[in-house]
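Source file: start25.pdb (PDB, C-alpha atoms and all ligand atoms)
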ATOM      1  CA  MET R   1       3.991 -16.984  13.044
ATOM      2  CA  SER R   2       3.268 -14.448  15.703
ATOM      3  CA  SER R   3       4.132 -10.833  15.042
ATOM      4  CA  PRO R   4       6.406  -8.891  17.383
ATOM      5  CA  ALA R   5       3.490  -6.826  18.689
ATOM      6  CA  SER R   6       1.044  -9.645  19.281
ATOM      7  CA  SER R   7       1.808  -9.734  23.008
ATOM      8  CA  GLY R   8      -0.121  -6.484  23.342
ATOM      9  CA  GLN R   9       2.582  -4.909  25.480
ATOM     10  CA  THR R  10       4.091  -1.565  24.675
ATOM     11  CA  GLU R  11       7.155  -2.341  22.636
ATOM     12  CA  TYR R  12       9.274  -0.364  20.307
ATOM     13  CA  ALA R  13       9.598  -0.880  16.619
ATOM     14  CA  PRO R  14      12.906  -2.421  15.604
ATOM     15  CA  ALA R  15      15.830  -0.233  14.646
ATOM     16  CA  THR R  16      16.645   0.108  10.966
ATOM     17  CA  ALA R  17      19.791  -1.387   9.480
ATOM     18  CA  ALA R  18      23.036  -0.660  11.241
ATOM     19  CA  THR R  19      23.561   2.369   9.021
ATOM     20  CA  GLY R  20      20.112   3.843   9.705
ATOM     21  CA  PRO R  21      18.835   5.773  12.728
ATOM     22  CA  ARG R  22      17.225   4.068  15.728
ATOM     23  CA  ILE R  23      13.456   4.176  15.402
ATOM     24  CA  THR R  24      11.390   4.866  18.502
ATOM     25  CA  MET R  25       7.859   4.857  17.153
ATOM     26  CA  PRO R  26       5.580   3.409  19.858
ATOM     27  CA  VAL R  27       3.589   0.333  18.937
ATOM     28  CA  PRO R  28      -0.180   0.742  19.298
ATOM     29  CA  HIS R  29      -1.527  -1.241  22.258
ATOM     30  CA  GLY R  30      -2.492  -4.777  21.267
ATOM     31  CA  ALA R  31      -2.116  -3.987  17.573
ATOM     32  CA  LYS R  32      -1.150  -6.657  15.097
ATOM     33  CA  ALA R  33       1.665  -6.060  12.604
ATOM     34  CA  ILE R  34       0.027  -6.389   9.207
ATOM     35  CA  VAL R  35       3.316  -5.680   7.435
ATOM     36  CA  ASP R  36       6.731  -6.703   8.720
ATOM     37  CA  LEU R  37       9.929  -6.102   6.753
ATOM     38  CA  ARG R  38      13.109  -7.620   8.155
ATOM     39  CA  GLY R  39      16.451  -6.664   6.701
ATOM     40  CA  VAL R  40      14.880  -6.086   3.305
ATOM     41  CA  LYS R  41      17.202  -5.259   0.433
ATOM     42  CA  ARG R  42      16.275  -4.917  -3.213
ATOM     43  CA  VAL R  43      19.174  -4.879  -5.589
ATOM     44  CA  TYR R  44      18.689  -4.466  -9.334
ATOM     45  CA  TYR R  45      21.267  -6.311 -11.435
ATOM     46  CA  LYS R  46      22.393  -5.968 -15.036
ATOM     47  CA  PRO R  47      22.139  -9.147 -17.143
ATOM     48  CA  ASP R  48      25.892  -9.667 -16.645
ATOM     49  CA  GLY R  49      25.378  -9.708 -12.847
ATOM     50  CA  GLU R  50      26.826  -6.266 -12.182
ATOM     51  CA  ILE R  51      24.839  -4.181  -9.673
ATOM     52  CA  LEU R  52      22.649  -1.558 -11.342
ATOM     53  CA  ALA R  53      21.008  -0.026  -8.257
ATOM     54  CA  GLU R  54      20.565  -0.799  -4.576
ATOM     55  CA  ALA R  55      17.026   0.525  -4.241
ATOM     56  CA  LEU R  56      16.512  -0.777  -0.667
ATOM     57  CA  ARG R  57      19.578  -1.305   1.507
ATOM     58  CA  GLY R  58      18.266  -2.993   4.663
ATOM     59  CA  VAL R  59      14.801  -1.956   5.823
ATOM     60  CA  ASP R  60      13.251  -3.155   9.089
ATOM     61  CA  LEU R  61       9.716  -1.877   9.441
ATOM     62  CA  SER R  62       6.516  -3.008  11.162
ATOM     63  CA  LEU R  63       3.208  -1.403  10.217
ATOM     64  CA  TYR R  64       0.125  -2.044  12.313
ATOM     65  CA  GLU R  65      -3.451  -2.975  11.553
ATOM     66  CA  GLY R  66      -5.975  -0.131  11.512
ATOM     67  CA  GLN R  67      -3.420   2.611  10.895
ATOM     68  CA  TYR R  68      -3.162   5.167   8.117
ATOM     69  CA  ILE R  69       0.508   5.389   7.136
ATOM     70  CA  ALA R  70       2.289   7.679   4.670
ATOM     71  CA  ILE R  71       5.538   6.626   2.998
ATOM     72  CA  MET R  72       7.490   9.711   1.922
ATOM     73  CA  GLY R  73      10.949  10.591   0.612
ATOM     74  CA  GLN R  74      12.653  12.169  -2.353
ATOM     75  CA  SER R  75      12.455  10.814  -5.867
ATOM     76  CA  GLY R  76      14.621   7.711  -6.131
ATOM     77  CA  SER R  77      14.629   7.048  -2.363
ATOM     78  CA  GLY R  78      12.999   3.617  -2.837
ATOM     79  CA  LYS R  79       9.301   4.287  -2.121
ATOM     80  CA  SER R  80       7.875   2.476  -5.150
ATOM     81  CA  THR R  81      10.369  -0.346  -4.765
ATOM     82  CA  MET R  82       9.193  -0.796  -1.167
ATOM     83  CA  MET R  83       5.490  -0.515  -2.057
ATOM     84  CA  ASN R  84       5.906  -3.101  -4.809
ATOM     85  CA  ILE R  85       7.360  -5.494  -2.256
ATOM     86  CA  LEU R  86       4.652  -4.662   0.300
ATOM     87  CA  GLY R  87       2.039  -5.207  -2.426
ATOM     88  CA  CYS R  88       3.584  -8.576  -3.419
ATOM     89  CA  LEU R  89       4.277  -7.286  -6.924
ATOM     90  CA  ASP R  90       7.979  -7.880  -6.324
ATOM     91  CA  ARG R  91      10.174  -9.807  -3.856
ATOM     92  CA  PRO R  92      13.147  -8.707  -1.767
ATOM     93  CA  THR R  93      16.553  -9.883  -2.996
ATOM     94  CA  HIS R  94      17.595 -10.239   0.680
ATOM     95  CA  GLY R  95      15.630 -10.373   3.925
ATOM     96  CA  SER R  96      12.006 -11.329   4.595
ATOM     97  CA  TYR R  97       8.601  -9.839   4.207
ATOM     98  CA  PHE R  98       5.759 -11.007   6.446
ATOM     99  CA  LEU R  99       2.272  -9.981   5.358
ATOM    100  CA  ASP R 100      -0.355 -10.654   8.005
ATOM    101  CA  GLY R 101       2.007 -13.129   9.669
ATOM    102  CA  LYS R 102       2.995 -15.141   6.577
ATOM    103  CA  ASP R 103       6.416 -15.028   4.948
ATOM    104  CA  CYS R 104       5.898 -13.832   1.369
ATOM    105  CA  SER R 105       9.574 -13.928   0.468
ATOM    106  CA  THR R 106       9.529 -17.734   0.241
ATOM    107  CA  MET R 107       6.220 -18.152  -1.610
ATOM    108  CA  GLY R 108       6.094 -19.312  -5.229
ATOM    109  CA  ASP R 109       4.499 -17.086  -7.869
ATOM    110  CA  GLU R 110       1.069 -18.698  -7.784
ATOM    111  CA  GLU R 111       0.809 -18.844  -4.000
ATOM    112  CA  LEU R 112       2.018 -15.246  -3.760
ATOM    113  CA  SER R 113      -0.529 -13.943  -6.241
ATOM    114  CA  ARG R 114      -3.369 -15.841  -4.521
ATOM    115  CA  TYR R 115      -2.316 -14.544  -1.113
ATOM    116  CA  ARG R 116      -1.955 -11.034  -2.532
ATOM    117  CA  GLY R 117      -5.479 -11.233  -3.978
ATOM    118  CA  ARG R 118      -6.915 -12.099  -0.576
ATOM    119  CA  LYS R 119      -4.958  -9.597   1.513
ATOM    120  CA  ILE R 120      -4.224  -6.517  -0.569
ATOM    121  CA  GLY R 121      -6.062  -3.915  -2.575
ATOM    122  CA  PHE R 122      -3.595  -1.839  -4.612
ATOM    123  CA  VAL R 123      -4.232   1.603  -6.142
ATOM    124  CA  PHE R 124      -1.766   2.892  -8.758
ATOM    125  CA  GLN R 125      -0.910   6.439  -9.758
ATOM    126  CA  ALA R 126      -1.884   5.698 -13.376
ATOM    127  CA  PHE R 127      -5.188   3.954 -12.414
ATOM    128  CA  ASN R 128      -4.262   0.838 -14.522
ATOM    129  CA  LEU R 129      -7.849   0.145 -15.615
ATOM    130  CA  ILE R 130      -8.556  -2.102 -18.614
ATOM    131  CA  PRO R 131      -9.909   0.210 -21.368
ATOM    132  CA  GLU R 132     -11.931  -2.518 -23.142
ATOM    133  CA  LEU R 133     -13.914  -3.355 -20.002
ATOM    134  CA  SER R 134     -16.736  -1.357 -18.454
ATOM    135  CA  VAL R 135     -16.379   0.237 -15.029
ATOM    136  CA  ARG R 136     -18.246  -2.642 -13.409
ATOM    137  CA  GLU R 137     -16.286  -5.287 -15.310
ATOM    138  CA  ASN R 138     -13.005  -3.660 -14.219
ATOM    139  CA  VAL R 139     -14.099  -3.909 -10.607
ATOM    140  CA  GLU R 140     -15.144  -7.542 -11.126
ATOM    141  CA  VAL R 141     -11.695  -8.602 -12.370
ATOM    142  CA  PRO R 142     -10.188  -9.536  -8.955
ATOM    143  CA  LEU R 143     -13.356 -11.487  -8.116
ATOM    144  CA  PHE R 144     -13.109 -13.320 -11.451
ATOM    145  CA  TYR R 145      -9.617 -14.482 -10.480
ATOM    146  CA  GLN R 146     -10.979 -15.668  -7.149
ATOM    147  CA  GLY R 147     -13.528 -17.828  -8.966
ATOM    148  CA  VAL R 148     -16.552 -15.840  -7.743
ATOM    149  CA  ARG R 149     -19.669 -16.579  -9.836
ATOM    150  CA  PRO R 150     -20.991 -13.885 -12.234
ATOM    151  CA  ALA R 151     -24.153 -12.955 -10.320
ATOM    152  CA  GLU R 152     -22.192 -12.504  -7.088
ATOM    153  CA  ARG R 153     -19.454 -10.574  -8.941
ATOM    154  CA  HIS R 154     -22.051  -8.160 -10.354
ATOM    155  CA  ARG R 155     -23.655  -7.690  -6.970
ATOM    156  CA  ARG R 156     -20.402  -6.992  -5.130
ATOM    157  CA  ALA R 157     -18.991  -4.716  -7.846
ATOM    158  CA  THR R 158     -22.205  -2.698  -7.958
ATOM    159  CA  GLU R 159     -22.243  -2.397  -4.171
ATOM    160  CA  VAL R 160     -18.692  -1.076  -3.911
ATOM    161  CA  LEU R 161     -19.111   1.245  -6.926
ATOM    162  CA  THR R 162     -22.166   2.689  -5.209
ATOM    163  CA  LYS R 163     -20.021   3.263  -2.125
ATOM    164  CA  VAL R 164     -17.552   5.350  -4.172
ATOM    165  CA  GLY R 165     -20.389   7.277  -5.857
ATOM    166  CA  LEU R 166     -20.209   5.693  -9.308
ATOM    167  CA  GLU R 167     -23.495   3.795  -9.413
ATOM    168  CA  HIS R 168     -24.535   5.911 -12.418
ATOM    169  CA  ARG R 169     -21.376   4.973 -14.413
ATOM    170  CA  LEU R 170     -21.416   1.171 -14.238
ATOM    171  CA  GLY R 171     -21.564   0.613 -18.003
ATOM    172  CA  HIS R 172     -19.114   3.348 -19.019
ATOM    173  CA  ARG R 173     -15.645   2.658 -20.369
ATOM    174  CA  PRO R 174     -12.761   4.083 -18.263
ATOM    175  CA  ASN R 175     -11.745   6.498 -21.052
ATOM    176  CA  ASP R 176     -15.186   8.128 -20.883
ATOM    177  CA  LEU R 177     -14.642   9.048 -17.223
ATOM    178  CA  SER R 178     -12.815  11.944 -15.578
ATOM    179  CA  GLY R 179      -9.482  11.242 -13.855
ATOM    180  CA  GLY R 180     -11.134  11.356 -10.431
ATOM    181  CA  GLN R 181     -13.829   8.912 -11.549
ATOM    182  CA  GLN R 182     -11.185   6.582 -12.977
ATOM    183  CA  GLN R 183      -9.311   6.627  -9.686
ATOM    184  CA  ARG R 184     -12.559   5.985  -7.776
ATOM    185  CA  THR R 185     -13.119   2.976 -10.057
ATOM    186  CA  ALA R 186      -9.603   1.777  -9.225
ATOM    187  CA  ILE R 187     -10.313   2.249  -5.503
ATOM    188  CA  ALA R 188     -13.519   0.222  -5.894
ATOM    189  CA  ARG R 189     -11.510  -2.519  -7.640
ATOM    190  CA  ALA R 190      -9.038  -2.489  -4.743
ATOM    191  CA  LEU R 191     -11.832  -2.730  -2.147
ATOM    192  CA  VAL R 192     -14.118  -5.284  -3.782
ATOM    193  CA  THR R 193     -12.261  -8.256  -2.285
ATOM    194  CA  SER R 194     -12.461  -6.748   1.254
ATOM    195  CA  PRO R 195      -8.666  -6.729   1.621
ATOM    196  CA  ALA R 196      -6.853  -6.541   4.955
ATOM    197  CA  VAL R 197      -4.889  -3.542   3.721
ATOM    198  CA  LEU R 198      -5.295  -0.883   1.072
ATOM    199  CA  MET R 199      -2.009   0.180  -0.549
ATOM    200  CA  ALA R 200      -1.592   3.141  -2.862
ATOM    201  CA  ASP R 201       1.434   4.533  -4.730
ATOM    202  CA  GLU R 202       0.870   8.266  -5.340
ATOM    203  CA  PRO R 203      -2.871   7.833  -5.961
ATOM    204  CA  THR R 204      -3.372  11.563  -6.503
ATOM    205  CA  GLY R 205      -0.240  12.064  -8.636
ATOM    206  CA  ASN R 206      -2.177  12.208 -11.930
ATOM    207  CA  LEU R 207      -5.063  14.325 -10.620
ATOM    208  CA  ASP R 208      -5.597  18.075 -10.313
ATOM    209  CA  SER R 209      -5.458  19.330  -6.741
ATOM    210  CA  ALA R 210      -9.237  19.608  -6.136
ATOM    211  CA  THR R 211      -9.863  16.081  -7.472
ATOM    212  CA  GLY R 212      -6.868  14.835  -5.512
ATOM    213  CA  ARG R 213      -8.331  16.271  -2.306
ATOM    214  CA  ALA R 214     -11.662  14.525  -2.988
ATOM    215  CA  ILE R 215      -9.813  11.225  -3.397
ATOM    216  CA  LEU R 216      -7.915  11.869  -0.140
ATOM    217  CA  ASP R 217     -11.264  12.594   1.582
ATOM    218  CA  MET R 218     -12.340   9.161   0.405
ATOM    219  CA  PHE R 219      -9.202   7.575   1.919
ATOM    220  CA  ASP R 220     -10.010   9.396   5.196
ATOM    221  CA  GLU R 221     -13.502   7.895   5.194
ATOM    222  CA  LEU R 222     -12.166   4.435   4.397
ATOM    223  CA  HIS R 223      -9.697   4.708   7.251
ATOM    224  CA  ALA R 224     -12.444   5.902   9.613
ATOM    225  CA  SER R 225     -14.429   2.795   8.657
ATOM    226  CA  GLY R 226     -11.533   0.648   9.929
ATOM    227  CA  ILE R 227      -9.415  -0.033   6.829
ATOM    228  CA  THR R 228      -5.607  -0.079   7.110
ATOM    229  CA  ILE R 229      -4.035   2.250   4.533
ATOM    230  CA  ILE R 230      -0.424   2.506   3.398
ATOM    231  CA  MET R 231       0.128   5.332   0.920
ATOM    232  CA  VAL R 232       3.188   6.607  -0.909
ATOM    233  CA  THR R 233       2.927  10.345  -1.389
ATOM    234  CA  HIS R 234       4.952  13.447  -2.177
ATOM    235  CA  ASP R 235       2.249  15.656  -0.694
ATOM    236  CA  PRO R 236       3.043  17.007   2.809
ATOM    237  CA  ALA R 237      -0.703  17.712   3.285
ATOM    238  CA  VAL R 238      -1.334  13.964   3.225
ATOM    239  CA  ALA R 239       0.956  13.492   6.200
ATOM    240  CA  GLU R 240      -1.454  15.683   8.199
ATOM    241  CA  ARG R 241      -4.215  13.163   7.533
ATOM    242  CA  THR R 242      -2.184  10.113   8.587
ATOM    243  CA  GLN R 243      -1.138   8.615  11.905
ATOM    244  CA  ARG R 244       2.387   7.723  10.963
ATOM    245  CA  VAL R 245       4.923   9.010   8.464
ATOM    246  CA  VAL R 246       7.841   6.826   7.365
ATOM    247  CA  ARG R 247      10.508   8.693   5.402
ATOM    248  CA  LEU R 248      12.944   6.878   3.137
ATOM    249  CA  LYS R 249      16.315   8.191   2.053
ATOM    250  CA  ASP R 250      18.733   6.346  -0.239
ATOM    251  CA  GLY R 251      17.006   3.023   0.350
ATOM    252  CA  LEU R 252      16.871   3.239   4.156
ATOM    253  CA  VAL R 253      14.324   4.478   6.692
ATOM    254  CA  GLU R 254      15.481   7.989   7.508
ATOM    255  CA  SER R 255      12.761   8.823  10.028
ATOM    256  CA  ASP R 256       9.581   7.326  11.400
ATOM    257  CA  GLY R 257       7.131   9.319  13.483
ATOM    258  CA  PRO R 258       3.537  10.359  14.038
ATOM    259  CA  GLY R 259       1.538  12.088  11.294
ATOM    260  CA  GLY R 260      -1.054  14.809  11.948
ATOM    261  CA  LYS R 261      -3.438  12.245  13.447
ATOM    262  CA  GLY R 262      -0.676  10.394  15.219
ATOM    263  CA  THR R 263      -2.473   9.842  18.500
ATOM    264  CA  ALA R 264      -6.042   9.501  17.320
ATOM    265  CA  GLY R 265      -5.962   6.037  15.777
ATOM    266  CA  PRO R 266      -7.516   2.831  17.053
ATOM    267  CA  GLY R 267      -5.506   1.483  19.935
ATOM    268  CA  MET R 268      -2.905   4.255  19.861
ATOM    269  CA  GLU R 269      -1.458   5.393  23.144
ATOM    270  CA  HIS R 270      -2.467   8.849  24.326
TER
HETATM  271  N1  LIG H 301      13.490  -1.764 -12.551
HETATM  272  C1  LIG H 301      14.555  -1.093 -12.127
HETATM  273  N2  LIG H 301      15.786  -1.368 -12.608
HETATM  274  C2  LIG H 301      16.869  -0.709 -12.164
HETATM  275  N3  LIG H 301      16.854   0.244 -11.206
HETATM  276  C3  LIG H 301      15.662   0.563 -10.689
HETATM  277  C4  LIG H 301      14.441  -0.075 -11.115
HETATM  278  N4  LIG H 301      13.403   0.456 -10.421
HETATM  279  C5  LIG H 301      13.930   1.384  -9.608
HETATM  280  N5  LIG H 301      15.291   1.449  -9.767
HETATM  281  C6  LIG H 301      16.214   2.345  -9.031
HETATM  282  O1  LIG H 301      15.976   2.182  -7.640
HETATM  283  C7  LIG H 301      15.988   3.416  -6.956
HETATM  284  C8  LIG H 301      14.648   3.643  -6.244
HETATM  285  O2  LIG H 301      13.610   3.766  -7.204
HETATM  286  P1  LIG H 301      12.069   3.940  -6.803
HETATM  287  O3  LIG H 301      11.287   3.866  -8.067
HETATM  288  O4  LIG H 301      11.749   2.967  -5.736
HETATM  289  O5  LIG H 301      12.057   5.416  -6.204
HETATM  290  P2  LIG H 301      10.827   6.312  -5.686
HETATM  291  O6  LIG H 301      11.166   6.744  -4.299
HETATM  292  O7  LIG H 301       9.545   5.602  -5.902
HETATM  293  O8  LIG H 301      10.935   7.593  -6.657
HETATM  294  P3  LIG H 301       9.750   8.526  -7.265
HETATM  295  O9  LIG H 301       9.368   9.474  -6.164
HETATM  296  O10 LIG H 301      10.447   9.220  -8.387
HETATM  297  O11 LIG H 301       8.634   7.660  -7.728
HETATM  298  C9  LIG H 301      16.308   4.464  -8.006
HETATM  299  O12 LIG H 301      17.671   4.715  -7.960
HETATM  300  C10 LIG H 301      15.915   3.807  -9.308
HETATM  301  O13 LIG H 301      16.693   4.291 -10.369
HETATM  302 MG    MG H 302       7.837   6.001  -7.116
END

So, in terms of structure tokens, how does the structure I just supplied come out?
Amino acid sequence: MSSPASSGQTEYAPATAATGPRITMPVPHGAKAIVDLRGVKRVYYKPDGEILAEALRGVDLSLYEGQYIAIMGQSGSGKSTMMNILGCLDRPTHGSYFLDGKDCSTMGDEELSRYRGRKIGFVFQAFNLIPELSVRENVEVPLFYQGVRPAERHRRATEVLTKVGLEHRLGHRPNDLSGGQQQRTAIARALVTSPAVLMADEPTGNLDSATGRAILDMFDELHASGITIIMVTHDPAVAERTQRVVRLKDGLVESDGPGGKGTAGPGMEH
């Protein structure tokens, strides 16, 4: 499956659903769409089949490799619903989702979770670490599910924890760490499989502002090292650090434009 941007020509991202505005965000030269949503709807139903909420109402969106993208919008606009679909934690009820060229909307549970494990590192607002496991064991979990042997798991977990500055906390339990250290552990867990894209849903939402800024500095460094980042945030200051800001409203893309570093990314037009 070739992505719409694989020709390398300057094209324009597709318009949103008929009810949404026309999007004119230029496609980076030669960039590959890592994420491609086509007519994605997510409807929540009551057990009796009645509609409870239409969280996404027809989203068309292509996000490109190497970019740092912020997803913004008011509470209830559909950000987490969209991130859960992008992160393969949920499926659209209508439409398709292509992740790195493969259609995730038709995959079975097992195939989807394997593909997710290879492609995505996900960072949650609430860290979601396992309290009974040490910092290093938490980071080893995704490698365990990939069948990586213990010695190699230890080596890779230690290496990535060193990268996030936690080499002196390998044996600690998550509850004995500060919030910032817990989130750095979660970032290490997301990175240990060398994913194609790092996704985060309000990763600084549970942190004080100074710790939050330190975590955002880390995302800046990760992006500078070539990692694609898609982050849901309420914080307008984050938009200044990104190349593209997608705003949702009532389950549709309301606007899509450059962030503060909109023209500085790899392959972006000047
Ligand atoms: N599991 C669910 N069952 C029913 N409705 C849901 C469910 N999850 C979300 N919704 C509804 O879908 C809409 C979008 O919710 P979502 O959590 O995606 O918003 P959000 O933009 O992430 O908000 P916030 O900024 O508060 O996190 C809301 O109206 C919400 O009530
Ligand atoms: Mg949310």

Task: R:Gln146, R:Gln125, R:Thr233, R:Thr228 ranked by distance to Gly66 (chain R), top pick (using only C-alpha atoms) - done: R:Thr228

TODO: Have a look at R:Ile69, R:Leu166, R:Val160, R:Leu252 and name the one nearest to Glu54 (chain R); count all atoms listed in the file.
DONE: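 With all atoms listed in the file as the atom set, the closest residue is R:Leu252.
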
TODO: Residues up to 6 Å from ligand LIG 301 (chain H), counting only C-alpha atoms and all ligand atoms: could you list those as JSON, numbers by chain?
DONE: {"R": [44, 52, 53, 55, 74, 75, 76, 77, 78, 79, 80, 81]}

Task: Picked residues, the PyMOL selection byres (((chain R and resi 174-179) around 10) and not hetatm), expected as a ChimeraX atom specification - done: /R:126-136,138,169-173,180-186,204,206-208,211-212

Task: CA of Lys119 (chain R) to CA of Leu198 (chain R), straight-line distance in Å - done: 8.7 Å
